[in-house]
>>> print(open('data.tsv').read())   # TSV, C-alpha atoms
chain	number	residue	atom	x	y	z
A	13	MET	CA	21.39	43.09	6.93
A	14	GLU	CA	23.38	46.03	8.13
A	15	ASP	CA	26.96	47.17	8.31
A	16	ILE	CA	28.62	48.07	11.56
A	17	GLU	CA	28.46	51.85	11.69
A	18	THR	CA	31.86	52.13	13.37
A	19	PRO	CA	34.48	49.47	12.62
A	20	PHE	CA	36.38	47.78	15.42
A	21	GLN	CA	39.91	49.19	15.35
A	22	PHE	CA	43.13	47.75	16.74
A	23	SER	CA	46.82	48.51	16.64
A	24	LEU	CA	48.86	45.30	16.57
A	25	GLU	CA	52.39	45.79	17.84
A	26	ASN	CA	53.85	42.51	16.58
A	27	GLU	CA	53.14	39.11	15.05
A	28	ALA	CA	52.04	37.73	18.44
A	29	ALA	CA	49.31	40.40	18.61
A	30	THR	CA	48.24	39.47	15.09
A	31	ALA	CA	48.07	35.81	16.12
A	32	ALA	CA	45.99	36.69	19.19
A	33	LEU	CA	43.49	38.61	17.06
A	34	ALA	CA	43.35	35.75	14.55
A	35	ALA	CA	42.72	33.26	17.37
A	36	LYS	CA	39.89	35.36	18.78
A	37	LEU	CA	38.24	35.60	15.36
A	38	ALA	CA	38.80	31.88	14.73
A	39	GLY	CA	36.85	31.27	17.92
A	40	ILE	CA	33.75	33.03	16.56
A	41	ALA	CA	34.01	31.93	12.92
A	42	LYS	CA	31.66	29.25	11.64
A	43	PRO	CA	31.06	27.32	8.41
A	44	GLY	CA	29.69	29.56	5.68
A	45	ASP	CA	31.66	32.59	6.87
A	46	VAL	CA	33.57	34.66	4.35
A	47	ILE	CA	36.48	36.61	5.82
A	48	VAL	CA	38.37	38.91	3.49
A	49	LEU	CA	41.88	40.16	4.17
A	50	ILE	CA	42.54	43.58	2.68
A	51	GLY	CA	45.92	45.30	2.63
A	52	ASP	CA	49.06	46.00	0.67
A	53	LEU	CA	51.86	43.49	0.16
A	54	GLY	CA	53.53	42.92	3.51
A	55	ALA	CA	50.55	44.09	5.58
A	56	GLY	CA	50.28	40.75	7.40
A	57	LYS	CA	47.42	39.04	5.57
A	58	THR	CA	49.13	35.68	5.22
A	59	SER	CA	50.47	35.83	8.80
A	60	PHE	CA	46.92	36.40	9.98
A	61	ALA	CA	45.65	33.46	7.89
A	62	ARG	CA	48.36	31.16	9.27
A	63	ALA	CA	47.47	32.07	12.85
A	64	PHE	CA	43.75	31.65	12.10
A	65	VAL	CA	44.24	28.13	10.68
A	66	THR	CA	46.48	27.19	13.61
A	67	ALA	CA	43.89	28.48	16.11
A	68	LYS	CA	41.19	26.40	14.36
A	69	GLY	CA	43.29	23.27	14.97
A	70	GLY	CA	45.69	23.15	12.06
A	71	ASP	CA	48.96	21.65	13.19
A	72	GLY	CA	50.89	21.41	9.94
A	73	GLU	CA	52.57	23.92	7.70
A	74	VAL	CA	50.35	26.76	6.47
A	75	PRO	CA	51.96	27.95	3.23
A	76	SER	CA	50.91	31.00	1.29
A	77	PRO	CA	48.59	29.95	-1.54
A	78	THR	CA	50.14	32.52	-3.89
A	79	PHE	CA	50.95	29.91	-6.55
A	80	THR	CA	48.23	27.33	-5.89
A	81	LEU	CA	45.62	30.10	-5.38
A	82	VAL	CA	43.81	28.04	-2.71
A	83	GLN	CA	44.80	25.83	0.21
A	84	LEU	CA	42.25	23.60	1.93
A	85	TYR	CA	42.61	22.70	5.61
A	86	GLU	CA	40.34	19.86	6.68
A	87	LEU	CA	40.05	20.45	10.41
A	88	ALA	CA	37.98	18.91	13.20
A	89	ASP	CA	35.86	22.10	13.50
A	90	GLY	CA	35.28	22.21	9.74
A	91	ASP	CA	37.12	23.07	6.57
A	92	VAL	CA	39.03	26.31	6.17
A	93	TYR	CA	39.81	27.51	2.65
A	94	HIS	CA	42.61	30.05	2.22
A	95	PHE	CA	42.42	31.84	-1.12
A	96	ASP	CA	45.07	34.18	-2.51
A	97	LEU	CA	43.55	35.81	-5.57
A	98	TYR	CA	46.47	38.12	-6.36
A	99	ARG	CA	47.29	36.29	-9.61
A	100	LEU	CA	43.72	36.12	-10.95
A	101	GLU	CA	43.27	37.84	-14.29
A	102	GLU	CA	39.47	37.56	-14.56
A	103	ALA	CA	36.95	37.47	-11.70
A	104	GLU	CA	35.21	34.43	-13.23
A	105	GLU	CA	38.34	32.34	-12.55
A	106	ILE	CA	37.23	32.06	-8.90
A	107	PHE	CA	34.67	29.43	-9.92
A	108	GLU	CA	37.46	27.14	-11.16
A	109	LEU	CA	38.87	27.26	-7.61
A	110	GLY	CA	35.71	25.84	-6.02
A	111	ILE	CA	34.90	29.05	-4.22
A	112	GLU	CA	31.15	28.37	-4.23
A	113	ASP	CA	31.57	25.16	-2.23
A	114	ALA	CA	34.01	26.87	0.10
A	115	MET	CA	31.60	29.72	0.83
A	116	ASN	CA	28.74	27.31	1.48
A	117	ASP	CA	30.45	24.58	3.48
A	118	GLY	CA	33.60	25.98	5.06
A	119	ILE	CA	35.21	29.14	6.31
A	120	SER	CA	36.75	31.15	3.48
A	121	LEU	CA	39.77	33.38	4.12
A	122	ILE	CA	40.29	35.47	0.99
A	123	GLU	CA	43.34	37.60	0.26
A	124	TRP	CA	42.97	40.19	-2.54
A	125	PRO	CA	39.16	40.01	-2.53
A	126	ASP	CA	38.95	42.95	-4.96
A	127	ARG	CA	39.88	40.41	-7.68
A	128	MET	CA	36.41	38.86	-7.21
A	129	GLY	CA	34.69	41.97	-8.53
A	130	ALA	CA	30.90	41.67	-8.36
A	131	TYR	CA	31.19	38.07	-7.08
A	132	LEU	CA	32.36	39.21	-3.64
A	133	PRO	CA	29.44	38.46	-1.31
A	134	PHE	CA	27.97	41.29	0.73
A	135	GLU	CA	27.72	39.19	3.89
A	136	ARG	CA	31.29	38.94	5.13
A	137	LEU	CA	33.90	40.16	7.59
A	138	ASP	CA	36.39	42.66	6.19
A	139	ILE	CA	39.77	42.73	7.90
A	140	VAL	CA	41.63	45.81	6.69
A	141	MET	CA	45.34	45.75	7.53
A	142	ILE	CA	47.50	48.85	7.20
A	143	ILE	CA	51.22	49.04	7.87
A	144	GLY	CA	51.66	51.59	10.64
A	145	ASP	CA	54.39	54.10	11.41
A	146	GLN	CA	56.81	51.38	12.44
A	147	GLU	CA	57.35	48.41	10.15
A	148	THR	CA	56.16	45.92	12.78
A	149	VAL	CA	52.97	47.80	13.71
A	150	ARG	CA	49.72	47.01	11.92
A	151	ASP	CA	46.57	49.06	12.21
A	152	VAL	CA	43.56	46.80	11.73
A	153	GLU	CA	39.87	47.47	11.18
A	154	LEU	CA	37.21	44.79	11.44
A	155	ILE	CA	34.05	45.58	9.50
A	156	GLY	CA	31.17	43.11	9.74
A	157	ARG	CA	28.85	43.23	6.77
A	158	GLY	CA	25.43	41.63	7.06
A	159	GLY	CA	24.40	38.49	8.86
A	160	ASP	CA	25.22	38.35	12.56
A	161	TRP	CA	28.76	39.74	12.31
A	162	SER	CA	27.88	42.83	14.31
A	163	GLU	CA	26.56	40.73	17.18
A	164	ARG	CA	29.51	38.31	17.13
A	165	LEU	CA	32.11	41.08	17.00
A	166	THR	CA	30.42	43.02	19.80
A	167	LYS	CA	30.46	39.91	22.01
A	168	ALA	CA	34.08	39.09	21.15
A	169	PHE	CA	35.27	42.68	21.61
A	170	PRO	CA	32.95	44.27	24.19
A	171	ASN	CA	35.30	47.22	24.72
A	172	GLY	CA	35.53	47.97	21.00
>>> encode(input="data.tsv", output="structure tokens")
Amino acid sequence: MEDIETPFQFSLENEAATAALAAKLAGIAKPGDVIVLIGDLGAGKTSFARAFVTAKGGDGEVPSPTFTLVQLYELADGDVYHFDLYRLEEAEEIFELGIEDAMNDGISLIEWPDRMGAYLPFERLDIVMIIGDQETVRDVELIGRGGDWSERLTKAFPNG
């Protein structure tokens, strides 16, 4: 298990560019994957998750799970779980949300993964989103940790 030495970096000019990146990553994601979305409020985490679910075949509304903490999308390619852990007070609360099943059987998209503390798995894809100079620009880093993320990202983004 190894980290990617240099993260894949992108500058996304608008929501369409965010959706295109989400679609590309949805194409390489598979059951058991944990994808964490890291960034400040307004960085585009939920927009990314919506585009990801849509690219995986979701055709309904994709609300933010801020109040429910988790949304499940039962899709033809497999289940996608969208967690928003912003409101968690204790890391152990993640077990009440069924996160273990999600991480074993589906694809887990997790906003505010720092709330998981020591329960955050090492093997995952980190998507770090930073609001750029202009309000609509997002700087994004993809960091594959463990498993075959390095290989999958290199194939998906051969030019870095």
>>> closest_atom_pairs(input="data.tsv", of="region 20-84 of chain A", to="region 102-116 of chain A", cutoff="10 Å", atoms="all atoms listed in the file", output="tab-separated table")
residue	atom	partner	partner_atom	distance
A:Pro43	CA	A:Asn116	CA	7.3
A:Gly44	CA	A:Asn116	CA	4.9
A:Asp45	CA	A:Met115	CA	6.7
A:Val46	CA	A:Met115	CA	6.4
A:Ile47	CA	A:Met115	CA	9.8
A:Thr80	CA	A:Leu109	CA	9.5
A:Leu81	CA	A:Leu109	CA	7.7
A:Val82	CA	A:Leu109	CA	7.0
A:Gln83	CA	A:Leu109	CA	9.9
A:Leu84	CA	A:Ala114	CA	9.1
>>> atom_distance(input="data.tsv", atom1="CA of Gly144 (chain A)", atom2="CA of Gly51 (chain A)")
11.7 Å
>>> closest_residue(input="data.tsv", among="A:Ala168, A:Ala88, A:Ile142, A:Ala63", to="Ala32 (chain A)", atoms="all atoms listed in the file")
A:Ala63
>>> closest_residue(input="data.tsv", among="A:Tyr131, A:Phe169, A:Trp161, A:Phe64", to="Val92 (chain A)", atoms="all atoms listed in the file")
A:Phe64
>>> residues_around(input="data.tsv", residues="Lys42 (chain A)", least_positions_apart="3", cutoff="10 Å", atoms="all atoms listed in the file", output="CSV table (one decimal) with C-alpha atoms, keeping the file's coordinate frame")
chain,number,residue,atom,x,y,z
A,37,LEU,CA,38.2,35.6,15.4
A,38,ALA,CA,38.8,31.9,14.7
A,39,GLY,CA,36.8,31.3,17.9
A,45,ASP,CA,31.7,32.6,6.9
A,46,VAL,CA,33.6,34.7,4.4
A,89,ASP,CA,35.9,22.1,13.5
A,90,GLY,CA,35.3,22.2,9.7
A,91,ASP,CA,37.1,23.1,6.6
A,92,VAL,CA,39.0,26.3,6.2
A,117,ASP,CA,30.4,24.6,3.5
A,118,GLY,CA,33.6,26.0,5.1
A,119,ILE,CA,35.2,29.1,6.3
A,120,SER,CA,36.8,31.2,3.5
>>> closest_residue(input="data.tsv", among="A:Ala55, A:Leu97, A:Leu132, A:Ala35", to="Gly70 (chain A)", atoms="only C-alpha atoms")
A:Ala35
>>> closest_residue(input="data.tsv", among="A:Asp160, A:Glu101, A:Glu123, A:Glu25", to="Ala41 (chain A)", atoms="all atoms listed in the file")
A:Asp160
>>> atom_distance(input="data.tsv", atom1="CA of Val149 (chain A)", atom2="CA of Phe20 (chain A)")
16.7 Å
>>> atom_distance(input="data.tsv", atom1="CA of Pro133 (chain A)", atom2="CA of Lys68 (chain A)")
23.0 Å
>>> closest_residue(input="data.tsv", among="A:Leu121, A:Leu165, A:Met141, A:Ala67", to="Tyr93 (chain A)", atoms="all atoms listed in the file")
A:Leu121
>>> residues_around(input="data.tsv", residues="Ile139 (chain A)", least_positions_apart="5", cutoff="7 Å", atoms="all atoms listed in the file", output="compact mmCIF listing (two decimals) with C-alpha atoms, in the frame of the given file")
# COMPACT_ATOMS: atom_id res chain seq x y z
CA VAL A 48 38.37 38.91 3.49
CA LEU A 49 41.88 40.16 4.17
CA ILE A 50 42.54 43.58 2.68
CA VAL A 152 43.56 46.80 11.73
CA GLU A 153 39.87 47.47 11.18
CA LEU A 154 37.21 44.79 11.44
CA ILE A 155 34.05 45.58 9.50
>>> closest_residue(input="data.tsv", among="A:Ile40, A:Gly56, A:Val140, A:Thr66", to="Glu86 (chain A)", atoms="only C-alpha atoms")
A:Thr66
>>> axis_aligned_box(input="data.tsv", around="region 83-102 of chain A", padding_each_side="8 Å", output="lines of an AutoDock Vina configuration file")
center_x = 41.3
center_y = 28.5
center_z = -0.5
size_x = 28.0
size_y = 35.2
size_z = 44.1
>>> decode(input="data.tsv", residues="region 119-139 of chain A", atoms="C-alpha atoms", output="CSV table (one decimal), in the first residue's frame")
chain,number,residue,atom,x,y,z
A,119,ILE,CA,-19.2,3.3,-2.9
A,120,SER,CA,-18.9,5.8,0.0
A,121,LEU,CA,-18.7,9.5,-0.7
A,122,ILE,CA,-17.8,11.2,2.6
A,123,GLU,CA,-18.0,14.9,3.3
A,124,TRP,CA,-16.2,16.2,6.4
A,125,PRO,CA,-14.2,12.9,6.8
A,126,ASP,CA,-12.1,14.5,9.6
A,127,ARG,CA,-15.1,13.9,11.9
A,128,MET,CA,-14.4,10.1,11.6
A,129,GLY,CA,-11.1,10.5,13.5
A,130,ALA,CA,-9.2,7.3,13.7
A,131,TYR,CA,-12.0,5.4,12.0
A,132,LEU,CA,-11.2,6.9,8.6
A,133,PRO,CA,-9.7,4.1,6.6
A,134,PHE,CA,-6.2,4.5,5.1
A,135,GLU,CA,-7.3,3.0,1.7
A,136,ARG,CA,-9.2,5.7,0.1
A,137,LEU,CA,-9.3,8.5,-2.5
A,138,ASP,CA,-8.9,12.0,-1.1
A,139,ILE,CA,-10.5,14.8,-3.1
